[in-house]
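**Q** Got a file for you: target36.cif, mmCIF, C-alpha atoms.
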```
data_run
loop_
_atom_site.label_atom_id
_atom_site.label_comp_id
_atom_site.auth_asym_id
_atom_site.auth_seq_id
_atom_site.Cartn_x
_atom_site.Cartn_y
_atom_site.Cartn_z
CA MET W 29 -13.85 -10.70 -19.71
CA THR W 30 -17.48 -11.83 -19.92
CA GLY W 31 -20.78 -10.06 -20.33
CA SER W 32 -21.48 -6.64 -21.77
CA SER W 33 -20.21 -3.60 -19.86
CA SER W 34 -23.77 -2.62 -18.95
CA ASP W 35 -24.52 -5.81 -17.01
CA ARG W 36 -21.37 -5.80 -14.87
CA PRO W 37 -21.44 -4.47 -11.29
CA LEU W 38 -19.20 -1.42 -11.87
CA SER W 39 -20.78 -0.43 -15.16
CA GLY W 40 -20.99 3.37 -15.36
CA GLN W 41 -18.22 3.89 -12.80
CA CYS W 42 -15.05 5.80 -13.66
CA VAL W 43 -12.33 4.80 -11.19
CA VAL W 44 -8.95 6.48 -10.72
CA VAL W 45 -6.12 4.15 -9.66
CA THR W 46 -3.22 5.98 -7.99
CA ARG W 47 -0.86 3.02 -7.37
CA PRO W 48 2.69 3.13 -8.78
CA LYS W 49 2.83 2.15 -12.44
CA ARG W 50 4.42 -1.25 -11.87
CA GLN W 51 1.72 -2.19 -9.32
CA ALA W 52 -1.35 -0.62 -10.91
CA ALA W 53 -2.53 -3.64 -12.92
CA GLU W 54 -3.30 -5.66 -9.78
CA LEU W 55 -6.14 -3.19 -9.11
CA SER W 56 -6.87 -1.78 -12.57
CA GLU W 57 -7.50 -5.08 -14.33
CA PRO W 58 -10.08 -6.45 -11.87
CA LEU W 59 -11.86 -3.07 -11.83
CA ALA W 60 -12.06 -3.11 -15.61
CA SER W 61 -13.31 -6.72 -15.59
CA LEU W 62 -16.11 -5.58 -13.29
CA GLY W 63 -17.15 -3.01 -15.88
CA ALA W 64 -15.44 0.15 -14.63
CA ARG W 65 -13.70 2.65 -16.84
CA VAL W 66 -10.26 2.89 -15.26
CA ILE W 67 -7.90 5.86 -15.36
CA GLU W 68 -4.40 5.03 -14.14
CA ALA W 69 -2.83 8.04 -12.46
CA PRO W 70 0.29 6.76 -10.68
CA ALA W 71 0.80 9.25 -7.88
CA ILE W 72 4.27 8.04 -6.91
CA SER W 73 7.29 6.15 -8.15
CA ILE W 74 9.26 3.72 -5.98
CA LEU W 75 13.02 4.34 -6.07
CA PRO W 76 16.04 2.91 -4.23
CA PRO W 77 17.34 4.93 -1.28
CA ASP W 78 19.56 7.93 -1.94
CA ASP W 79 22.20 6.26 0.26
CA PRO W 80 22.13 2.47 -0.18
CA VAL W 81 24.99 1.78 2.26
CA PRO W 82 22.93 1.33 5.49
CA LEU W 83 20.65 -1.20 3.79
CA GLU W 84 23.54 -3.01 2.14
CA ASP W 85 25.46 -3.18 5.43
CA ALA W 86 22.47 -4.55 7.31
CA LEU W 87 21.90 -7.22 4.65
CA LEU W 88 25.56 -8.24 4.76
CA HIS W 89 25.25 -8.89 8.51
CA LEU W 90 21.86 -10.53 8.94
CA ASP W 91 23.34 -12.63 11.75
CA ARG W 92 23.01 -9.49 13.88
CA PHE W 93 19.21 -9.79 13.81
CA ASP W 94 16.58 -12.13 15.22
CA TRP W 95 13.67 -10.69 13.21
CA ILE W 96 13.22 -8.90 9.90
CA VAL W 97 9.92 -7.05 9.77
CA PHE W 98 8.43 -5.98 6.45
CA THR W 99 5.60 -3.47 6.34
CA SER W 100 5.19 -3.26 2.55
CA ILE W 101 5.79 -5.24 -0.60
CA ASN W 102 8.12 -2.44 -1.73
CA GLY W 103 10.47 -3.18 1.15
CA VAL W 104 10.49 -6.87 0.26
CA GLU W 105 11.23 -6.17 -3.40
CA GLU W 106 14.13 -3.84 -2.65
CA VAL W 107 15.67 -6.25 -0.13
CA ILE W 108 15.41 -9.14 -2.61
CA ARG W 109 16.93 -6.94 -5.31
CA CYS W 110 19.88 -6.08 -3.06
CA LEU W 111 20.46 -9.67 -1.96
CA GLY W 112 20.26 -11.01 -5.50
CA ALA W 113 20.44 -14.75 -6.14
CA GLY W 114 21.15 -15.52 -2.49
CA ALA W 115 18.02 -13.77 -1.17
CA ALA W 116 16.13 -16.86 -0.06
CA SER W 117 18.99 -18.42 1.90
CA ALA W 118 19.99 -15.10 3.45
CA LEU W 119 16.47 -14.25 4.63
CA ALA W 120 15.94 -17.77 5.98
CA THR W 121 18.51 -17.05 8.72
CA CYS W 122 16.03 -14.74 10.49
CA ARG W 123 12.44 -14.93 11.65
CA LEU W 124 10.23 -12.94 9.32
CA ALA W 125 7.13 -10.90 10.11
CA VAL W 126 4.93 -9.04 7.62
CA VAL W 127 1.96 -6.71 7.77
CA GLY W 128 -0.27 -8.42 5.19
CA PRO W 129 -0.80 -11.14 2.59
CA GLY W 130 0.68 -9.26 -0.38
CA THR W 131 3.93 -8.79 1.50
CA ARG W 132 3.89 -12.43 2.65
CA SER W 133 3.27 -13.63 -0.91
CA ALA W 134 6.30 -11.70 -2.22
CA LEU W 135 8.50 -13.61 0.25
CA GLU W 136 6.86 -16.98 -0.26
CA GLN W 137 7.39 -16.67 -4.00
CA ILE W 138 11.14 -17.03 -3.41
CA GLY W 139 10.61 -19.93 -1.02
CA VAL W 140 10.96 -18.10 2.29
CA LYS W 141 8.73 -18.90 5.26
CA VAL W 142 6.96 -16.06 7.05
CA GLU W 143 6.56 -16.67 10.76
CA HIS W 144 4.03 -14.00 11.67
CA MET W 145 1.32 -11.90 10.02
CA PRO W 146 -1.33 -10.04 12.06
CA GLU W 147 -4.97 -10.94 11.60
CA SER W 148 -6.05 -7.39 10.75
CA PHE W 149 -3.15 -6.50 8.37
CA ARG W 150 -2.37 -3.26 10.25
CA VAL W 151 0.99 -1.89 11.39
CA ASP W 152 -0.31 -1.11 14.88
CA THR W 153 -1.60 -4.69 15.24
CA LEU W 154 1.73 -6.04 14.01
CA ALA W 155 3.51 -3.89 16.59
CA HIS W 156 1.25 -5.20 19.34
CA ASP W 157 1.76 -8.82 18.28
CA LEU W 158 5.56 -8.52 18.22
CA SER W 159 5.77 -6.57 21.48
CA ALA W 160 5.44 -9.78 23.51
CA ALA W 161 8.65 -11.08 21.93
CA ALA W 162 10.47 -7.76 21.86
CA ARG W 163 12.54 -7.75 25.04
CA GLY W 164 16.16 -8.36 24.10
CA ALA W 165 15.29 -9.27 20.52
CA ARG W 166 17.07 -7.59 17.59
CA PHE W 167 14.83 -6.30 14.82
CA LEU W 168 15.69 -5.11 11.32
CA LEU W 169 13.07 -2.87 9.74
CA PRO W 170 13.71 -2.20 6.01
CA ARG W 171 11.19 0.55 5.35
CA ALA W 172 10.21 3.61 3.38
CA GLU W 173 12.17 6.82 3.80
CA ARG W 174 9.30 8.37 5.77
CA ALA W 175 7.46 5.58 7.54
CA ASN W 176 4.94 5.43 10.38
CA PRO W 177 6.95 5.42 13.64
CA ILE W 178 4.52 3.29 15.63
CA LEU W 179 6.26 -0.05 14.97
CA PRO W 180 9.82 0.88 16.03
CA ASP W 181 8.45 2.98 18.92
CA VAL W 182 6.49 0.04 20.36
CA LEU W 183 9.33 -2.45 19.89
CA ARG W 184 11.84 -0.16 21.59
CA ARG W 185 9.46 0.62 24.44
CA GLU W 186 9.10 -3.12 25.06
CA GLY W 187 12.87 -3.64 25.18
CA GLY W 188 13.65 -4.54 21.59
CA VAL W 189 16.80 -3.42 19.78
CA VAL W 190 15.60 -1.88 16.52
CA THR W 191 17.61 -1.04 13.41
CA GLU W 192 15.66 0.98 10.84
CA VAL W 193 17.09 1.26 7.34
CA VAL W 194 15.70 3.01 4.29
CA ALA W 195 14.91 0.32 1.72
CA TYR W 196 13.13 2.61 -0.74
CA ARG W 197 11.74 6.09 -1.19
CA THR W 198 8.64 7.38 -2.84
CA VAL W 199 8.71 10.40 -5.15
CA PRO W 200 5.80 12.12 -6.91
CA GLU W 201 5.09 10.95 -10.45
CA GLU W 202 4.81 14.38 -12.04
CA GLY W 203 2.24 14.78 -14.81
CA ALA W 204 0.80 11.30 -14.37
CA ALA W 205 -2.52 12.61 -13.08
CA ASP W 206 -3.31 14.90 -16.04
CA ARG W 207 -5.97 12.56 -17.49
CA ALA W 208 -7.57 12.07 -14.09
CA ARG W 209 -7.55 15.81 -13.45
CA GLU W 210 -9.32 16.53 -16.74
CA ALA W 211 -11.86 13.77 -16.08
CA LEU W 212 -12.57 15.30 -12.67
CA ARG W 213 -13.15 18.70 -14.25
CA GLN W 214 -15.57 17.09 -16.68
CA GLY W 215 -17.46 15.42 -13.82
CA GLU W 216 -16.64 11.92 -15.06
CA VAL W 217 -14.75 10.45 -12.09
CA THR W 218 -16.94 8.57 -9.62
CA ILE W 219 -14.31 6.89 -7.41
CA ILE W 220 -10.67 7.63 -6.52
CA THR W 221 -8.70 4.78 -4.95
CA PHE W 222 -5.74 5.14 -2.61
CA THR W 223 -3.59 2.23 -1.41
CA SER W 224 -1.09 4.07 0.81
CA ALA W 225 -0.61 7.40 2.53
CA SER W 226 2.10 8.25 0.00
CA THR W 227 -0.32 7.79 -2.93
CA VAL W 228 -2.67 10.26 -1.22
CA ARG W 229 0.04 12.87 -0.81
CA GLY W 230 1.40 12.30 -4.32
CA PHE W 231 -2.01 12.60 -5.96
CA VAL W 232 -3.06 15.70 -4.02
CA ARG W 233 0.23 17.32 -4.97
CA GLN W 234 -0.92 17.06 -8.59
CA VAL W 235 -4.67 17.46 -8.07
CA PRO W 236 -5.30 19.68 -5.04
CA GLY W 237 -7.97 18.71 -2.56
CA ASP W 238 -10.04 21.78 -3.43
CA GLU W 239 -10.34 20.56 -7.01
CA ILE W 240 -11.49 17.15 -5.83
CA ARG W 241 -14.09 18.70 -3.52
CA ARG W 242 -15.34 21.08 -6.23
CA ALA W 243 -15.83 18.35 -8.82
CA SER W 244 -19.46 17.97 -9.84
CA PRO W 245 -20.52 15.43 -8.93
CA PRO W 246 -17.78 14.94 -6.31
CA PRO W 247 -16.03 11.54 -6.49
CA ARG W 248 -16.17 9.04 -3.68
CA ILE W 249 -12.87 8.04 -2.13
CA ALA W 250 -11.90 4.44 -1.40
CA THR W 251 -8.88 3.51 0.72
CA ILE W 252 -7.10 0.29 1.60
CA GLY W 253 -6.96 0.90 5.36
CA PRO W 254 -6.85 3.22 8.37
CA GLU W 255 -3.44 4.81 7.77
CA THR W 256 -4.41 5.68 4.21
CA SER W 257 -7.78 6.98 5.39
CA ALA W 258 -6.04 9.22 7.92
CA ALA W 259 -3.89 10.69 5.12
CA VAL W 260 -7.04 11.40 3.09
CA ARG W 261 -8.67 13.20 6.01
CA GLU W 262 -5.50 15.23 6.60
CA GLN W 263 -6.12 16.68 3.13
CA GLY W 264 -9.63 17.73 4.16
CA LEU W 265 -11.27 15.01 2.10
CA GLU W 266 -13.91 12.48 3.07
CA VAL W 267 -13.38 8.71 3.02
CA HIS W 268 -16.43 6.90 1.66
CA PHE W 269 -15.16 3.30 1.51
CA GLU W 270 -12.39 1.63 3.53
CA ALA W 271 -11.32 -1.87 2.54
CA ASP W 272 -12.16 -4.76 4.82
CA PRO W 273 -9.88 -6.66 4.94
CA HIS W 274 -7.08 -4.17 4.22
CA THR W 275 -5.92 -5.75 0.98
CA ILE W 276 -6.36 -5.13 -2.76
CA ASP W 277 -8.98 -7.88 -2.87
CA GLY W 278 -10.66 -6.30 0.13
CA LEU W 279 -10.68 -2.93 -1.59
CA LEU W 280 -12.23 -4.43 -4.72
CA SER W 281 -14.94 -6.27 -2.82
CA THR W 282 -15.71 -3.23 -0.67
CA ILE W 283 -16.15 -0.99 -3.72
CA LYS W 284 -18.24 -3.63 -5.52
CA GLY W 285 -20.44 -4.20 -2.47
CA ALA W 286 -20.99 -0.47 -1.92
CA ILE W 287 -21.94 0.16 -5.53
CA GLU W 288 -24.29 -2.82 -5.66
CA SER W 289 -25.89 -1.74 -2.37
CA HIS W 290 -26.40 1.79 -3.71
CA GLN W 291 -27.89 0.47 -6.93
CA GLY W 292 -30.21 -1.74 -4.94
CA ASP W 293 -31.48 1.30 -3.03
CA THR W 294 -32.36 3.25 -6.16
#
```
Would you kindly transcribe this structure into C-alpha cells?
**A**
Amino acid sequence: MTGSSSDRPLSGQCVVVTRPKRQAAELSEPLASLGARVIEAPAISILPPDDPVPLEDALLHLDRFDWIVFTSINGVEEVIRCLGAGAASALATCRLAVVGPGTRSALEQIGVKVEHMPESFRVDTLAHDLSAAARGARFLLPRAERANPILPDVLRREGGVVTEVVAYRTVPEEGAADRAREALRQGEVTIITFTSASTVRGFVRQVPGDEIRRASPPPRIATIGPETSAAVREQGLEVHFEADPHTIDGLLSTIKGAIESHQGDT
C-alpha cells in the first residue's frame, strides 16, 4: 500500500462489501488499497446442496453430456470439490462454457480449457450464444438452488436437452451485517456493493431497505451487473453504479471512476 490515505482516490469513502466471507478479500483488499474504509458484511454463505445425489450422479456420468455450462464460480468450486483429484480429466470430456472471466479462471487453474465465454459476461448473452448449438445437444447446468431460469429456458426452446442440478445453495449469514447496520445509522456508509442477487436479498434481510433509504446521508449502491441491479430495484432501492464490464475489476474501476468524476465536479 502506497501513499497516505488522504491522497488515494477512495479516501473518505466507507464501503460495505456483502460478498461471502471466503470471497470478500478479492473486493475488500483493492478497495482498501484505494483508500476506502471497508466494512465486510457477508450477506450469504455458500453451502453444498441439501441433497447431493443429483449432482453426484450427473458427475459420475459426464459422458451423457456434450456441454457443461457454469454461471458462477461457486458452481465451479462445488463441482471440483465433488470430483476431487480427477476433476480436470473428468471435465475435459465435455465442452465447457462460462459466464465470465472469474468462472473461467477457476477452471483454467486446474488445467481445463473453456470453449466459450460471452463478450458481455451476462447469462442472457450466454444463453443467446449457445442457442445456435442447442438443437440435439445435451447440457449439464450445475447451478444455485434458485437460479435465473433464462438459460435453461432458451436452450430447451432451441431444442437442447437440459439437465439442471443444484451444485450449491446460498443461506443468509445472520448477524454479519451488524457493523454495517450501525455505520449506516451513524451516517458513515457512502457505498454498498452487491455482487449477486443473493447478496442483495441476504443483506436486505438483515438491514431492511427502509433503513438504507433513511440513512443520512443515504449510501450509493454499486452492483456487478444487470441481474444484481434488478434485485436491488426489487427492494425499492436505487442503483447508482453498475460495473462495466460485469466483473470485480469492472466494479472497482466503475466505483473509482465515479468518485473521481464527482470529486472533479466539486
**Q** Which residues are near segment 124-128 of chain W? Cut-off 9 Å, only C-alpha atoms, ignore same chain within fewer than 2 positions. Put them as an NGL selection string.
**A** :W and (94-101 or 119-120 or 122 or 130-133 or 140-151 or 153-154 or 158 or 274-275)
**Q** Write a file of the selected residues as an mmCIF file, in the coordinates of the input, keeping C-alpha atoms.
**A**
```
data_model
loop_
_atom_site.group_PDB
_atom_site.id
_atom_site.type_symbol
_atom_site.label_atom_id
_atom_site.label_comp_id
_atom_site.auth_asym_id
_atom_site.auth_seq_id
_atom_site.Cartn_x
_atom_site.Cartn_y
_atom_site.Cartn_z
ATOM 1 C CA ASP W 94 16.580 -12.130 15.220
ATOM 2 C CA TRP W 95 13.670 -10.690 13.210
ATOM 3 C CA ILE W 96 13.220 -8.900 9.900
ATOM 4 C CA VAL W 97 9.920 -7.050 9.770
ATOM 5 C CA PHE W 98 8.430 -5.980 6.450
ATOM 6 C CA THR W 99 5.600 -3.470 6.340
ATOM 7 C CA SER W 100 5.190 -3.260 2.550
ATOM 8 C CA ILE W 101 5.790 -5.240 -0.600
ATOM 9 C CA LEU W 119 16.470 -14.250 4.630
ATOM 10 C CA ALA W 120 15.940 -17.770 5.980
ATOM 11 C CA CYS W 122 16.030 -14.740 10.490
ATOM 12 C CA GLY W 130 0.680 -9.260 -0.380
ATOM 13 C CA THR W 131 3.930 -8.790 1.500
ATOM 14 C CA ARG W 132 3.890 -12.430 2.650
ATOM 15 C CA SER W 133 3.270 -13.630 -0.910
ATOM 16 C CA VAL W 140 10.960 -18.100 2.290
ATOM 17 C CA LYS W 141 8.730 -18.900 5.260
ATOM 18 C CA VAL W 142 6.960 -16.060 7.050
ATOM 19 C CA GLU W 143 6.560 -16.670 10.760
ATOM 20 C CA HIS W 144 4.030 -14.000 11.670
ATOM 21 C CA MET W 145 1.320 -11.900 10.020
ATOM 22 C CA PRO W 146 -1.330 -10.040 12.060
ATOM 23 C CA GLU W 147 -4.970 -10.940 11.600
ATOM 24 C CA SER W 148 -6.050 -7.390 10.750
ATOM 25 C CA PHE W 149 -3.150 -6.500 8.370
ATOM 26 C CA ARG W 150 -2.370 -3.260 10.250
ATOM 27 C CA VAL W 151 0.990 -1.890 11.390
ATOM 28 C CA THR W 153 -1.600 -4.690 15.240
ATOM 29 C CA LEU W 154 1.730 -6.040 14.010
ATOM 30 C CA LEU W 158 5.560 -8.520 18.220
ATOM 31 C CA HIS W 274 -7.080 -4.170 4.220
ATOM 32 C CA THR W 275 -5.920 -5.750 0.980
#
```
**Q** Enumerate, as a ChimeraX atom specification, the protein, DNA and RNA residues whose atoms approach (-4.9, -4.0, -8.5) to within 10 Å, taking into account all atoms listed in the file and the coordinate frame of the file.
**A** /W:45,47,51-59,223,275-277,279-280
**Q** Name the residues that the PyMOL selection byres ((chain W and resi 76) around 10) picks from the file above, as a list in words, using the file's chain letters and numbers.
**A**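 That expression, the PyMOL selection byres ((chain W and resi 76) around 10), corresponds here to Ile74, Leu75, Pro77, Asp78, Asp79, Pro80, Asn102, Gly103, Glu106, Arg109, Cys110, Ala172, Glu173, Val194, Ala195, Tyr196, Arg197 and Thr198 of chain W.
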**Q** Which one of W:Thr191, W:Asn176, W:Ser281, W:Ser244 sits closest to Phe269 of chain W if you count only C-alpha atoms?
**A** W:Ser281
**Q** Calculated over all atoms listed in the file, which of the candidates W:Pro247, W:Pro82, W:Pro180, W:Pro48 has the smallest distance to Ser159 of chain W?
**A**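 Smallest separation from Ser159 of chain W among the options: W:Pro180.
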**Q** Any chance you could model N, CA and C atoms for segment 173-203 of chain W and send them as a tab-separated table (two decimals), in the coordinates of the input?
**A**
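Contents of the output file result.tsv:
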```tsv
chain	number	residue	atom	x	y	z
W	173	GLU	N	11.39	5.70	3.28
W	173	GLU	CA	12.17	6.82	3.80
W	173	GLU	C	11.43	7.55	4.91
W	174	ARG	N	10.12	7.73	4.74
W	174	ARG	CA	9.30	8.37	5.77
W	174	ARG	C	8.19	7.39	6.12
W	175	ALA	N	8.40	6.64	7.18
W	175	ALA	CA	7.46	5.58	7.54
W	175	ALA	C	6.82	5.88	8.90
W	176	ASN	N	5.65	5.29	9.11
W	176	ASN	CA	4.94	5.43	10.38
W	176	ASN	C	5.83	4.96	11.52
W	177	PRO	N	6.02	5.78	12.56
W	177	PRO	CA	6.95	5.42	13.64
W	177	PRO	C	6.39	4.45	14.67
W	178	ILE	N	5.13	4.07	14.55
W	178	ILE	CA	4.52	3.29	15.63
W	178	ILE	C	5.22	1.96	15.86
W	179	LEU	N	5.64	1.27	14.80
W	179	LEU	CA	6.26	-0.05	14.97
W	179	LEU	C	7.59	0.03	15.72
W	180	PRO	N	8.57	0.82	15.27
W	180	PRO	CA	9.82	0.88	16.03
W	180	PRO	C	9.62	1.45	17.43
W	181	ASP	N	8.69	2.40	17.59
W	181	ASP	CA	8.45	2.98	18.92
W	181	ASP	C	7.97	1.92	19.90
W	182	VAL	N	7.02	1.09	19.48
W	182	VAL	CA	6.49	0.04	20.36
W	182	VAL	C	7.56	-0.99	20.68
W	183	LEU	N	8.31	-1.42	19.67
W	183	LEU	CA	9.33	-2.45	19.89
W	183	LEU	C	10.42	-1.96	20.84
W	184	ARG	N	10.82	-0.71	20.68
W	184	ARG	CA	11.84	-0.16	21.59
W	184	ARG	C	11.30	0.00	23.00
W	185	ARG	N	10.06	0.45	23.11
W	185	ARG	CA	9.46	0.62	24.44
W	185	ARG	C	9.38	-0.70	25.19
W	186	GLU	N	9.20	-1.80	24.44
W	186	GLU	CA	9.10	-3.12	25.06
W	186	GLU	C	10.45	-3.82	25.20
W	187	GLY	N	11.54	-3.09	24.94
W	187	GLY	CA	12.87	-3.64	25.18
W	187	GLY	C	13.56	-4.24	23.98
W	188	GLY	N	13.01	-4.04	22.79
W	188	GLY	CA	13.65	-4.54	21.59
W	188	GLY	C	14.77	-3.63	21.12
W	189	VAL	N	15.71	-4.19	20.39
W	189	VAL	CA	16.80	-3.42	19.78
W	189	VAL	C	16.45	-3.30	18.29
W	190	VAL	N	16.17	-2.09	17.85
W	190	VAL	CA	15.60	-1.88	16.52
W	190	VAL	C	16.58	-1.14	15.62
W	191	THR	N	16.81	-1.71	14.45
W	191	THR	CA	17.61	-1.04	13.41
W	191	THR	C	16.67	-0.73	12.24
W	192	GLU	N	16.47	0.55	11.99
W	192	GLU	CA	15.66	0.98	10.84
W	192	GLU	C	16.59	1.37	9.70
W	193	VAL	N	16.31	0.86	8.51
W	193	VAL	CA	17.09	1.26	7.34
W	193	VAL	C	16.12	1.63	6.22
W	194	VAL	N	16.52	2.60	5.43
W	194	VAL	CA	15.70	3.01	4.29
W	194	VAL	C	15.92	1.99	3.17
W	195	ALA	N	14.83	1.29	2.80
W	195	ALA	CA	14.91	0.32	1.72
W	195	ALA	C	14.47	0.92	0.39
W	196	TYR	N	13.63	1.95	0.48
W	196	TYR	CA	13.13	2.61	-0.74
W	196	TYR	C	12.58	3.97	-0.38
W	197	ARG	N	12.37	4.77	-1.38
W	197	ARG	CA	11.74	6.09	-1.19
W	197	ARG	C	10.68	6.28	-2.25
W	198	THR	N	9.70	7.07	-1.90
W	198	THR	CA	8.64	7.38	-2.84
W	198	THR	C	8.79	8.83	-3.29
W	199	VAL	N	8.64	9.05	-4.59
W	199	VAL	CA	8.71	10.40	-5.15
W	199	VAL	C	7.48	10.62	-6.01
W	200	PRO	N	6.98	11.86	-6.09
W	200	PRO	CA	5.80	12.12	-6.91
W	200	PRO	C	6.05	11.80	-8.37
W	201	GLU	N	5.04	11.26	-9.02
W	201	GLU	CA	5.09	10.95	-10.45
W	201	GLU	C	4.48	12.14	-11.18
W	202	GLU	N	5.30	13.12	-11.49
W	202	GLU	CA	4.81	14.38	-12.04
W	202	GLU	C	4.12	14.18	-13.39
W	203	GLY	N	2.96	14.80	-13.54
W	203	GLY	CA	2.24	14.78	-14.81
W	203	GLY	C	1.40	13.55	-15.04
```
